[in-house]
file upload-v4.pdb (PDB, N, CA, C and O atoms)
ATOM      1  N   MET A   1       0.845  -1.181   0.000
ATOM      2  CA  MET A   1       0.000   0.000   0.000
ATOM      3  C   MET A   1       0.887   1.239   0.000
ATOM      4  O   MET A   1       1.978   1.221   0.539
ATOM      5  N   ASN A   2       0.368   2.285  -0.592
ATOM      6  CA  ASN A   2       1.079   3.551  -0.517
ATOM      7  C   ASN A   2       0.094   4.690  -0.342
ATOM      8  O   ASN A   2      -1.107   4.517  -0.468
ATOM      9  N   LYS A   3       0.634   5.852  -0.045
ATOM     10  CA  LYS A   3      -0.195   7.013   0.248
ATOM     11  C   LYS A   3      -0.721   7.651  -1.021
ATOM     12  O   LYS A   3       0.002   7.765  -2.008
ATOM     13  N   VAL A   4      -1.968   8.075  -0.938
ATOM     14  CA  VAL A   4      -2.556   8.910  -1.972
ATOM     15  C   VAL A   4      -3.028  10.167  -1.256
ATOM     16  O   VAL A   4      -3.934  10.107  -0.412
ATOM     17  N   TYR A   5      -2.372  11.295  -1.532
ATOM     18  CA  TYR A   5      -2.813  12.549  -0.936
ATOM     19  C   TYR A   5      -4.078  12.999  -1.655
ATOM     20  O   TYR A   5      -4.160  12.925  -2.885
ATOM     21  N   VAL A   6      -5.068  13.402  -0.874
ATOM     22  CA  VAL A   6      -6.369  13.764  -1.430
ATOM     23  C   VAL A   6      -6.790  15.139  -0.929
ATOM     24  O   VAL A   6      -6.384  15.575   0.147
ATOM     25  N   ASP A   7      -7.604  15.806  -1.746
ATOM     26  CA  ASP A   7      -8.255  17.041  -1.311
ATOM     27  C   ASP A   7      -9.464  16.632  -0.487
ATOM     28  O   ASP A   7     -10.169  15.673  -0.835
ATOM     29  N   VAL A   8      -9.703  17.367   0.593
ATOM     30  CA  VAL A   8     -10.820  17.057   1.491
ATOM     31  C   VAL A   8     -11.583  18.338   1.789
ATOM     32  O   VAL A   8     -10.981  19.391   2.018
ATOM     33  N   VAL A   9     -12.893  18.244   1.766
ATOM     34  CA  VAL A   9     -13.753  19.314   2.265
ATOM     35  C   VAL A   9     -14.142  18.892   3.673
ATOM     36  O   VAL A   9     -14.642  17.786   3.875
ATOM     37  N   ALA A  10     -13.852  19.763   4.645
ATOM     38  CA  ALA A  10     -14.133  19.444   6.042
ATOM     39  C   ALA A  10     -14.690  20.681   6.733
ATOM     40  O   ALA A  10     -14.598  21.794   6.211
ATOM     41  N   GLU A  11     -15.245  20.451   7.907
ATOM     42  CA  GLU A  11     -15.759  21.576   8.690
ATOM     43  C   GLU A  11     -15.381  21.372  10.153
ATOM     44  O   GLU A  11     -15.085  20.248  10.581
ATOM     45  N   PHE A  12     -15.378  22.452  10.889
ATOM     46  CA  PHE A  12     -15.169  22.386  12.327
ATOM     47  C   PHE A  12     -16.522  22.477  13.005
ATOM     48  O   PHE A  12     -17.323  23.353  12.687
ATOM     49  N   SER A  13     -16.766  21.583  13.960
ATOM     50  CA  SER A  13     -17.993  21.659  14.753
ATOM     51  C   SER A  13     -17.827  22.784  15.776
ATOM     52  O   SER A  13     -16.727  23.289  15.998
ATOM     53  N   LYS A  14     -18.917  23.163  16.417
ATOM     54  CA  LYS A  14     -18.832  24.219  17.429
ATOM     55  C   LYS A  14     -17.981  23.788  18.616
ATOM     56  O   LYS A  14     -17.481  24.622  19.362
ATOM     57  N   GLU A  15     -17.780  22.472  18.772
ATOM     58  CA  GLU A  15     -16.916  21.960  19.832
ATOM     59  C   GLU A  15     -15.440  21.955  19.418
ATOM     60  O   GLU A  15     -14.572  21.594  20.202
ATOM     61  N   GLY A  16     -15.164  22.302  18.157
ATOM     62  CA  GLY A  16     -13.788  22.358  17.679
ATOM     63  C   GLY A  16     -13.301  21.084  17.014
ATOM     64  O   GLY A  16     -12.119  20.957  16.724
ATOM     65  N   CYS A  17     -14.195  20.144  16.750
ATOM     66  CA  CYS A  17     -13.806  18.892  16.096
ATOM     67  C   CYS A  17     -13.744  19.088  14.584
ATOM     68  O   CYS A  17     -14.619  19.718  13.993
ATOM     69  N   LEU A  18     -12.704  18.547  13.959
ATOM     70  CA  LEU A  18     -12.545  18.591  12.505
ATOM     71  C   LEU A  18     -13.291  17.399  11.915
ATOM     72  O   LEU A  18     -13.014  16.253  12.266
ATOM     73  N   ILE A  19     -14.246  17.678  11.021
ATOM     74  CA  ILE A  19     -15.110  16.627  10.470
ATOM     75  C   ILE A  19     -15.011  16.637   8.940
ATOM     76  O   ILE A  19     -15.429  17.602   8.300
ATOM     77  N   PRO A  20     -14.460  15.563   8.339
ATOM     78  CA  PRO A  20     -14.405  15.508   6.868
ATOM     79  C   PRO A  20     -15.796  15.263   6.283
ATOM     80  O   PRO A  20     -16.580  14.473   6.818
ATOM     81  N   ILE A  21     -16.103  15.941   5.180
ATOM     82  CA  ILE A  21     -17.408  15.850   4.519
ATOM     83  C   ILE A  21     -17.303  15.064   3.210
ATOM     84  O   ILE A  21     -18.162  14.265   2.889
ATOM     85  N   LEU A  22     -16.254  15.330   2.440
ATOM     86  CA  LEU A  22     -16.024  14.611   1.183
ATOM     87  C   LEU A  22     -14.552  14.664   0.844
ATOM     88  O   LEU A  22     -13.821  15.495   1.361
ATOM     89  N   PHE A  23     -14.126  13.739  -0.021
ATOM     90  CA  PHE A  23     -12.752  13.773  -0.510
ATOM     91  C   PHE A  23     -12.757  13.600  -2.014
ATOM     92  O   PHE A  23     -13.718  13.107  -2.604
ATOM     93  N   VAL A  24     -11.674  14.056  -2.649
ATOM     94  CA  VAL A  24     -11.508  13.968  -4.097
ATOM     95  C   VAL A  24     -10.365  13.004  -4.368
ATOM     96  O   VAL A  24      -9.225  13.255  -3.966
ATOM     97  N   TRP A  25     -10.680  11.883  -5.028
ATOM     98  CA  TRP A  25      -9.666  10.875  -5.353
ATOM     99  C   TRP A  25      -8.749  11.423  -6.437
ATOM    100  O   TRP A  25      -9.058  12.414  -7.094
ATOM    101  N   GLU A  26      -7.617  10.774  -6.680
ATOM    102  CA  GLU A  26      -6.614  11.281  -7.613
ATOM    103  C   GLU A  26      -7.112  11.401  -9.048
ATOM    104  O   GLU A  26      -6.564  12.161  -9.836
ATOM    105  N   ASP A  27      -8.176  10.681  -9.411
ATOM    106  CA  ASP A  27      -8.725  10.789 -10.770
ATOM    107  C   ASP A  27      -9.784  11.887 -10.879
ATOM    108  O   ASP A  27     -10.405  12.052 -11.926
ATOM    109  N   GLY A  28     -10.002  12.630  -9.788
ATOM    110  CA  GLY A  28     -10.939  13.748  -9.807
ATOM    111  C   GLY A  28     -12.338  13.409  -9.318
ATOM    112  O   GLY A  28     -13.160  14.308  -9.139
ATOM    113  N   ARG A  29     -12.614  12.119  -9.092
ATOM    114  CA  ARG A  29     -13.947  11.747  -8.598
ATOM    115  C   ARG A  29     -14.108  12.183  -7.141
ATOM    116  O   ARG A  29     -13.193  12.052  -6.344
ATOM    117  N   LYS A  30     -15.307  12.692  -6.838
ATOM    118  CA  LYS A  30     -15.616  13.149  -5.485
ATOM    119  C   LYS A  30     -16.452  12.091  -4.779
ATOM    120  O   LYS A  30     -17.374  11.524  -5.366
ATOM    121  N   TYR A  31     -16.107  11.834  -3.516
ATOM    122  CA  TYR A  31     -16.821  10.848  -2.713
ATOM    123  C   TYR A  31     -17.327  11.501  -1.433
ATOM    124  O   TYR A  31     -16.529  12.056  -0.661
ATOM    125  N   LYS A  32     -18.623  11.434  -1.228
ATOM    126  CA  LYS A  32     -19.233  11.959  -0.013
ATOM    127  C   LYS A  32     -18.991  10.971   1.120
ATOM    128  O   LYS A  32     -19.142   9.764   0.956
ATOM    129  N   ILE A  33     -18.610  11.493   2.267
ATOM    130  CA  ILE A  33     -18.439  10.664   3.458
ATOM    131  C   ILE A  33     -19.801  10.588   4.125
ATOM    132  O   ILE A  33     -20.342  11.596   4.590
ATOM    133  N   ASP A  34     -20.381   9.385   4.133
ATOM    134  CA  ASP A  34     -21.723   9.206   4.674
ATOM    135  C   ASP A  34     -21.755   9.317   6.189
ATOM    136  O   ASP A  34     -22.707   9.852   6.761
ATOM    137  N   LYS A  35     -20.699   8.810   6.838
ATOM    138  CA  LYS A  35     -20.667   8.829   8.293
ATOM    139  C   LYS A  35     -19.233   8.619   8.767
ATOM    140  O   LYS A  35     -18.506   7.822   8.194
ATOM    141  N   VAL A  36     -18.845   9.355   9.809
ATOM    142  CA  VAL A  36     -17.559   9.115  10.462
ATOM    143  C   VAL A  36     -17.851   8.189  11.635
ATOM    144  O   VAL A  36     -18.614   8.529  12.539
ATOM    145  N   LEU A  37     -17.272   6.998  11.597
ATOM    146  CA  LEU A  37     -17.527   5.995  12.626
ATOM    147  C   LEU A  37     -16.623   6.156  13.842
ATOM    148  O   LEU A  37     -17.049   5.924  14.969
ATOM    149  N   LYS A  38     -15.366   6.533  13.593
ATOM    150  CA  LYS A  38     -14.402   6.604  14.694
ATOM    151  C   LYS A  38     -13.283   7.559  14.315
ATOM    152  O   LYS A  38     -12.899   7.658  13.153
ATOM    153  N   VAL A  39     -12.758   8.261  15.312
ATOM    154  CA  VAL A  39     -11.621   9.159  15.124
ATOM    155  C   VAL A  39     -10.591   8.787  16.187
ATOM    156  O   VAL A  39     -10.915   8.729  17.376
ATOM    157  N   GLU A  40      -9.359   8.491  15.736
ATOM    158  CA  GLU A  40      -8.321   8.115  16.693
ATOM    159  C   GLU A  40      -6.941   8.512  16.199
ATOM    160  O   GLU A  40      -6.699   8.554  15.004
ATOM    161  N   ARG A  41      -6.065   8.818  17.134
ATOM    162  CA  ARG A  41      -4.669   9.099  16.805
ATOM    163  C   ARG A  41      -4.028   7.760  16.458
ATOM    164  O   ARG A  41      -4.161   6.793  17.203
ATOM    165  N   CYS A  42      -3.387   7.693  15.313
ATOM    166  CA  CYS A  42      -2.963   6.384  14.830
ATOM    167  C   CYS A  42      -1.872   6.533  13.775
ATOM    168  O   CYS A  42      -1.767   7.560  13.126
ATOM    169  N   ALA A  43      -1.102   5.469  13.596
ATOM    170  CA  ALA A  43      -0.125   5.398  12.512
ATOM    171  C   ALA A  43      -0.723   4.567  11.388
ATOM    172  O   ALA A  43      -1.447   3.613  11.637
ATOM    173  N   SER A  44      -0.415   4.944  10.171
ATOM    174  CA  SER A  44      -0.790   4.119   9.024
ATOM    175  C   SER A  44       0.267   3.044   8.879
ATOM    176  O   SER A  44       1.378   3.303   8.427
ATOM    177  N   ARG A  45      -0.049   1.849   9.301
ATOM    178  CA  ARG A  45       0.916   0.749   9.245
ATOM    179  C   ARG A  45       1.157   0.300   7.804
ATOM    180  O   ARG A  45       2.185  -0.255   7.482
ATOM    181  N   LYS A  46       0.204   0.562   6.938
ATOM    182  CA  LYS A  46       0.330   0.102   5.551
ATOM    183  C   LYS A  46       1.074   1.101   4.675
ATOM    184  O   LYS A  46       1.868   0.718   3.839
ATOM    185  N   ALA A  47       0.781   2.395   4.850
ATOM    186  CA  ALA A  47       1.370   3.400   3.967
ATOM    187  C   ALA A  47       2.424   4.257   4.661
ATOM    188  O   ALA A  47       3.125   5.008   4.011
ATOM    189  N   GLY A  48       2.527   4.157   5.975
ATOM    190  CA  GLY A  48       3.472   4.974   6.717
ATOM    191  C   GLY A  48       2.882   6.329   7.054
ATOM    192  O   GLY A  48       1.990   6.811   6.378
ATOM    193  N   GLY A  49       3.367   6.913   8.128
ATOM    194  CA  GLY A  49       2.871   8.216   8.551
ATOM    195  C   GLY A  49       2.049   8.102   9.824
ATOM    196  O   GLY A  49       1.520   7.044  10.135
ATOM    197  N   VAL A  50       1.995   9.197  10.556
ATOM    198  CA  VAL A  50       1.254   9.243  11.813
ATOM    199  C   VAL A  50       0.332  10.444  11.777
ATOM    200  O   VAL A  50       0.679  11.495  11.266
ATOM    201  N   GLY A  51      -0.847  10.278  12.326
ATOM    202  CA  GLY A  51      -1.784  11.385  12.380
ATOM    203  C   GLY A  51      -3.091  10.933  12.984
ATOM    204  O   GLY A  51      -3.134   9.999  13.785
ATOM    205  N   THR A  52      -4.148  11.582  12.581
ATOM    206  CA  THR A  52      -5.483  11.230  13.042
ATOM    207  C   THR A  52      -6.144  10.384  11.968
ATOM    208  O   THR A  52      -6.190  10.784  10.806
ATOM    209  N   MET A  53      -6.620   9.205  12.359
ATOM    210  CA  MET A  53      -7.291   8.327  11.409
ATOM    211  C   MET A  53      -8.799   8.446  11.597
ATOM    212  O   MET A  53      -9.300   8.293  12.708
ATOM    213  N   TYR A  54      -9.483   8.731  10.514
ATOM    214  CA  TYR A  54     -10.944   8.792  10.492
ATOM    215  C   TYR A  54     -11.438   7.515   9.812
ATOM    216  O   TYR A  54     -11.130   7.279   8.645
ATOM    217  N   THR A  55     -12.167   6.706  10.548
ATOM    218  CA  THR A  55     -12.804   5.530   9.959
ATOM    219  C   THR A  55     -14.164   5.996   9.472
ATOM    220  O   THR A  55     -14.991   6.468  10.268
ATOM    221  N   CYS A  56     -14.387   5.912   8.167
ATOM    222  CA  CYS A  56     -15.573   6.492   7.536
ATOM    223  C   CYS A  56     -16.348   5.452   6.731
ATOM    224  O   CYS A  56     -15.766   4.491   6.240
ATOM    225  N   MET A  57     -17.623   5.703   6.575
ATOM    226  CA  MET A  57     -18.443   4.933   5.639
ATOM    227  C   MET A  57     -18.592   5.761   4.371
ATOM    228  O   MET A  57     -19.011   6.930   4.421
ATOM    229  N   VAL A  58     -18.207   5.164   3.244
ATOM    230  CA  VAL A  58     -18.286   5.812   1.938
ATOM    231  C   VAL A  58     -18.923   4.813   0.978
ATOM    232  O   VAL A  58     -18.360   3.743   0.733
ATOM    233  N   GLN A  59     -20.096   5.126   0.487
ATOM    234  CA  GLN A  59     -20.826   4.253  -0.437
ATOM    235  C   GLN A  59     -20.952   2.828   0.117
ATOM    236  O   GLN A  59     -20.729   1.848  -0.589
ATOM    237  N   GLY A  60     -21.257   2.707   1.392
ATOM    238  CA  GLY A  60     -21.477   1.411   2.015
ATOM    239  C   GLY A  60     -20.221   0.640   2.378
ATOM    240  O   GLY A  60     -20.304  -0.491   2.837
ATOM    241  N   LYS A  61     -19.046   1.256   2.193
ATOM    242  CA  LYS A  61     -17.787   0.580   2.510
ATOM    243  C   LYS A  61     -17.020   1.379   3.552
ATOM    244  O   LYS A  61     -17.033   2.604   3.543
ATOM    245  N   GLU A  62     -16.321   0.644   4.422
ATOM    246  CA  GLU A  62     -15.494   1.299   5.427
ATOM    247  C   GLU A  62     -14.176   1.728   4.800
ATOM    248  O   GLU A  62     -13.525   0.945   4.105
ATOM    249  N   SER A  63     -13.799   2.976   5.026
ATOM    250  CA  SER A  63     -12.553   3.530   4.491
ATOM    251  C   SER A  63     -11.821   4.269   5.596
ATOM    252  O   SER A  63     -12.441   4.737   6.547
ATOM    253  N   HIS A  64     -10.512   4.384   5.441
ATOM    254  CA  HIS A  64      -9.707   5.127   6.402
ATOM    255  C   HIS A  64      -9.119   6.354   5.721
ATOM    256  O   HIS A  64      -8.490   6.252   4.666
ATOM    257  N   LEU A  65      -9.335   7.494   6.359
ATOM    258  CA  LEU A  65      -8.833   8.773   5.891
ATOM    259  C   LEU A  65      -7.925   9.304   6.997
ATOM    260  O   LEU A  65      -8.313   9.305   8.169
ATOM    261  N   PHE A  66      -6.709   9.708   6.632
ATOM    262  CA  PHE A  66      -5.734  10.155   7.618
ATOM    263  C   PHE A  66      -5.465  11.644   7.461
ATOM    264  O   PHE A  66      -5.313  12.135   6.347
ATOM    265  N   PHE A  67      -5.404  12.343   8.595
ATOM    266  CA  PHE A  67      -4.994  13.747   8.613
ATOM    267  C   PHE A  67      -3.626  13.795   9.274
ATOM    268  O   PHE A  67      -3.473  13.445  10.443
ATOM    269  N   GLU A  68      -2.628  14.200   8.493
ATOM    270  CA  GLU A  68      -1.232  14.155   8.914
ATOM    271  C   GLU A  68      -0.694  15.586   8.977
ATOM    272  O   GLU A  68      -0.266  16.131   7.967
ATOM    273  N   VAL A  69      -0.757  16.203  10.116
ATOM    274  CA  VAL A  69      -0.310  17.577  10.379
ATOM    275  C   VAL A  69      -1.056  18.597   9.525
ATOM    276  O   VAL A  69      -1.868  19.354  10.034
ATOM    277  N   ASP A  70      -0.798  18.623   8.224
ATOM    278  CA  ASP A  70      -1.445  19.621   7.371
ATOM    279  C   ASP A  70      -1.921  19.044   6.040
ATOM    280  O   ASP A  70      -2.262  19.791   5.126
ATOM    281  N   LYS A  71      -1.922  17.711   5.912
ATOM    282  CA  LYS A  71      -2.343  17.065   4.660
ATOM    283  C   LYS A  71      -3.231  15.866   4.967
ATOM    284  O   LYS A  71      -3.110  15.240   6.012
ATOM    285  N   TRP A  72      -4.099  15.556   4.028
ATOM    286  CA  TRP A  72      -4.961  14.378   4.116
ATOM    287  C   TRP A  72      -4.443  13.308   3.163
ATOM    288  O   TRP A  72      -4.013  13.620   2.053
ATOM    289  N   PHE A  73      -4.498  12.043   3.587
ATOM    290  CA  PHE A  73      -4.161  10.970   2.670
ATOM    291  C   PHE A  73      -4.999   9.723   2.954
ATOM    292  O   PHE A  73      -5.601   9.580   4.026
ATOM    293  N   MET A  74      -5.021   8.851   1.958
ATOM    294  CA  MET A  74      -5.667   7.555   2.073
ATOM    295  C   MET A  74      -4.658   6.520   1.617
ATOM    296  O   MET A  74      -3.622   6.850   1.041
ATOM    297  N   GLU A  75      -4.959   5.264   1.879
ATOM    298  CA  GLU A  75      -4.077   4.168   1.476
ATOM    299  C   GLU A  75      -4.569   3.592   0.150
ATOM    300  O   GLU A  75      -5.746   3.339  -0.009
ATOM    301  N   ARG A  76      -3.629   3.453  -0.790
ATOM    302  CA  ARG A  76      -3.962   2.857  -2.082
ATOM    303  C   ARG A  76      -3.569   1.381  -2.041
ATOM    304  O   ARG A  76      -2.460   1.053  -1.638
ATOM    305  N   LYS A  77      -4.462   0.537  -2.494
ATOM    306  CA  LYS A  77      -4.141  -0.871  -2.589
ATOM    307  C   LYS A  77      -3.297  -1.102  -3.818
ATOM    308  O   LYS A  77      -3.624  -0.654  -4.899
ATOM    309  N   VAL A  78      -2.165  -1.775  -3.640
ATOM    310  CA  VAL A  78      -1.274  -2.088  -4.755
ATOM    311  C   VAL A  78      -1.517  -3.530  -5.164
ATOM    312  O   VAL A  78      -1.473  -4.436  -4.345
ATOM    313  N   SER A  79      -1.828  -3.730  -6.446
ATOM    314  CA  SER A  79      -2.124  -5.092  -6.913
ATOM    315  C   SER A  79      -0.878  -5.821  -7.374
ATOM    316  O   SER A  79       0.152  -5.277  -7.584
TER     317      SER A  79
END
call {"tool": "encode", "arguments": {"input": "upload-v4.pdb", "output": "structure tokens"}}
result
Amino acid sequence: MNKVYVDVVAEFSKEGCLIPILFVWEDGRKYKIDKVLKVERCASRKAGGVGTMYTCMVQGKESHLFFEVDKWFMERKVS
């Protein structure tokens, strides 16, 4: 697996929580995040890097979105 840096639209809640709303994959397709299931400080064991991992539901599938200091990334599956 390797990192794919993605553009993310996010908002801050009134409590100060950063909440991702959608991300743009490298081919330009936009994916709405249906629900954030869990937020935790974590390392990406597959792609490397440390930050906040958002476990999200996207089109009925669980996905992991990472916020690493000032950039967002996801893990790309390498075939």
call {"tool": "closest_residue", "arguments": {"input": "upload-v4.pdb", "among": "A:Asp7, A:Val24, A:His64, A:Val50", "to": "Arg76 (chain A)", "atoms": "all atoms listed in the file"}}
result
A:His64
call {"tool": "residues_around", "arguments": {"input": "upload-v4.pdb", "residues": "Ala10 (chain A)", "least_positions_apart": "4", "cutoff": "7 Å", "atoms": "all atoms listed in the file", "output": "ChimeraX atom specification"}}
result
/A:18-22
call {"tool": "atom_distance", "arguments": {"input": "upload-v4.pdb", "atom1": "CA of Cys42 (chain A)", "atom2": "atom C of Thr55 (chain A)"}}
result
12.4 Å
call {"tool": "select_by_dssp", "arguments": {"input": "upload-v4.pdb", "residues": "chain A", "states": "strand (DSSP E)", "output": "PyMOL selection string"}}
result
chain A and resi 2-5+7-12+18-24+30-32+35-43+50-58+61-68+71-76
call {"tool": "atom_distance", "arguments": {"input": "upload-v4.pdb", "atom1": "CA of Trp72 (chain A)", "atom2": "CA of Val4 (chain A)"}}
result
8.5 Å
call {"tool": "atom_distance", "arguments": {"input": "upload-v4.pdb", "atom1": "CA of Glu75 (chain A)", "atom2": "atom N of Cys17 (chain A)"}}
result
24.3 Å
call {"tool": "resolve_selection", "arguments": {"input": "upload-v4.pdb", "expression": "the PyMOL selection byres ((chain A and resi 29-41) around 6)", "output": "PDB file with N, CA, C and O atoms, in the frame of the given file"}}
result
ATOM      1  N   PRO A  20     -14.460  15.563   8.339  1.00  0.00           N
ATOM      2  CA  PRO A  20     -14.405  15.508   6.868  1.00  0.00           C
ATOM      3  C   PRO A  20     -15.796  15.263   6.283  1.00  0.00           C
ATOM      4  O   PRO A  20     -16.580  14.473   6.818  1.00  0.00           O
ATOM      5  N   ILE A  21     -16.103  15.941   5.180  1.00  0.00           N
ATOM      6  CA  ILE A  21     -17.408  15.850   4.519  1.00  0.00           C
ATOM      7  C   ILE A  21     -17.303  15.064   3.210  1.00  0.00           C
ATOM      8  O   ILE A  21     -18.162  14.265   2.889  1.00  0.00           O
ATOM      9  N   LEU A  22     -16.254  15.330   2.440  1.00  0.00           N
ATOM     10  CA  LEU A  22     -16.024  14.611   1.183  1.00  0.00           C
ATOM     11  C   LEU A  22     -14.552  14.664   0.844  1.00  0.00           C
ATOM     12  O   LEU A  22     -13.821  15.495   1.361  1.00  0.00           O
ATOM     13  N   PHE A  23     -14.126  13.739  -0.021  1.00  0.00           N
ATOM     14  CA  PHE A  23     -12.752  13.773  -0.510  1.00  0.00           C
ATOM     15  C   PHE A  23     -12.757  13.600  -2.014  1.00  0.00           C
ATOM     16  O   PHE A  23     -13.718  13.107  -2.604  1.00  0.00           O
ATOM     17  N   VAL A  24     -11.674  14.056  -2.649  1.00  0.00           N
ATOM     18  CA  VAL A  24     -11.508  13.968  -4.097  1.00  0.00           C
ATOM     19  C   VAL A  24     -10.365  13.004  -4.368  1.00  0.00           C
ATOM     20  O   VAL A  24      -9.225  13.255  -3.966  1.00  0.00           O
ATOM     21  N   TRP A  25     -10.680  11.883  -5.028  1.00  0.00           N
ATOM     22  CA  TRP A  25      -9.666  10.875  -5.353  1.00  0.00           C
ATOM     23  C   TRP A  25      -8.749  11.423  -6.437  1.00  0.00           C
ATOM     24  O   TRP A  25      -9.058  12.414  -7.094  1.00  0.00           O
ATOM     25  N   GLU A  26      -7.617  10.774  -6.680  1.00  0.00           N
ATOM     26  CA  GLU A  26      -6.614  11.281  -7.613  1.00  0.00           C
ATOM     27  C   GLU A  26      -7.112  11.401  -9.048  1.00  0.00           C
ATOM     28  O   GLU A  26      -6.564  12.161  -9.836  1.00  0.00           O
ATOM     29  N   ASP A  27      -8.176  10.681  -9.411  1.00  0.00           N
ATOM     30  CA  ASP A  27      -8.725  10.789 -10.770  1.00  0.00           C
ATOM     31  C   ASP A  27      -9.784  11.887 -10.879  1.00  0.00           C
ATOM     32  O   ASP A  27     -10.405  12.052 -11.926  1.00  0.00           O
ATOM     33  N   GLY A  28     -10.002  12.630  -9.788  1.00  0.00           N
ATOM     34  CA  GLY A  28     -10.939  13.748  -9.807  1.00  0.00           C
ATOM     35  C   GLY A  28     -12.338  13.409  -9.318  1.00  0.00           C
ATOM     36  O   GLY A  28     -13.160  14.308  -9.139  1.00  0.00           O
ATOM     37  N   CYS A  42      -3.387   7.693  15.313  1.00  0.00           N
ATOM     38  CA  CYS A  42      -2.963   6.384  14.830  1.00  0.00           C
ATOM     39  C   CYS A  42      -1.872   6.533  13.775  1.00  0.00           C
ATOM     40  O   CYS A  42      -1.767   7.560  13.126  1.00  0.00           O
ATOM     41  N   ALA A  43      -1.102   5.469  13.596  1.00  0.00           N
ATOM     42  CA  ALA A  43      -0.125   5.398  12.512  1.00  0.00           C
ATOM     43  C   ALA A  43      -0.723   4.567  11.388  1.00  0.00           C
ATOM     44  O   ALA A  43      -1.447   3.613  11.637  1.00  0.00           O
ATOM     45  N   GLY A  51      -0.847  10.278  12.326  1.00  0.00           N
ATOM     46  CA  GLY A  51      -1.784  11.385  12.380  1.00  0.00           C
ATOM     47  C   GLY A  51      -3.091  10.933  12.984  1.00  0.00           C
ATOM     48  O   GLY A  51      -3.134   9.999  13.785  1.00  0.00           O
ATOM     49  N   THR A  52      -4.148  11.582  12.581  1.00  0.00           N
ATOM     50  CA  THR A  52      -5.483  11.230  13.042  1.00  0.00           C
ATOM     51  C   THR A  52      -6.144  10.384  11.968  1.00  0.00           C
ATOM     52  O   THR A  52      -6.190  10.784  10.806  1.00  0.00           O
ATOM     53  N   MET A  53      -6.620   9.205  12.359  1.00  0.00           N
ATOM     54  CA  MET A  53      -7.291   8.327  11.409  1.00  0.00           C
ATOM     55  C   MET A  53      -8.799   8.446  11.597  1.00  0.00           C
ATOM     56  O   MET A  53      -9.300   8.293  12.708  1.00  0.00           O
ATOM     57  N   TYR A  54      -9.483   8.731  10.514  1.00  0.00           N
ATOM     58  CA  TYR A  54     -10.944   8.792  10.492  1.00  0.00           C
ATOM     59  C   TYR A  54     -11.438   7.515   9.812  1.00  0.00           C
ATOM     60  O   TYR A  54     -11.130   7.279   8.645  1.00  0.00           O
ATOM     61  N   THR A  55     -12.167   6.706  10.548  1.00  0.00           N
ATOM     62  CA  THR A  55     -12.804   5.530   9.959  1.00  0.00           C
ATOM     63  C   THR A  55     -14.164   5.996   9.472  1.00  0.00           C
ATOM     64  O   THR A  55     -14.991   6.468  10.268  1.00  0.00           O
ATOM     65  N   CYS A  56     -14.387   5.912   8.167  1.00  0.00           N
ATOM     66  CA  CYS A  56     -15.573   6.492   7.536  1.00  0.00           C
ATOM     67  C   CYS A  56     -16.348   5.452   6.731  1.00  0.00           C
ATOM     68  O   CYS A  56     -15.766   4.491   6.240  1.00  0.00           O
ATOM     69  N   MET A  57     -17.623   5.703   6.575  1.00  0.00           N
ATOM     70  CA  MET A  57     -18.443   4.933   5.639  1.00  0.00           C
ATOM     71  C   MET A  57     -18.592   5.761   4.371  1.00  0.00           C
ATOM     72  O   MET A  57     -19.011   6.930   4.421  1.00  0.00           O
ATOM     73  N   VAL A  58     -18.207   5.164   3.244  1.00  0.00           N
ATOM     74  CA  VAL A  58     -18.286   5.812   1.938  1.00  0.00           C
ATOM     75  C   VAL A  58     -18.923   4.813   0.978  1.00  0.00           C
ATOM     76  O   VAL A  58     -18.360   3.743   0.733  1.00  0.00           O
ATOM     77  N   GLN A  59     -20.096   5.126   0.487  1.00  0.00           N
ATOM     78  CA  GLN A  59     -20.826   4.253  -0.437  1.00  0.00           C
ATOM     79  C   GLN A  59     -20.952   2.828   0.117  1.00  0.00           C
ATOM     80  O   GLN A  59     -20.729   1.848  -0.589  1.00  0.00           O
TER      81      GLN A  59
END
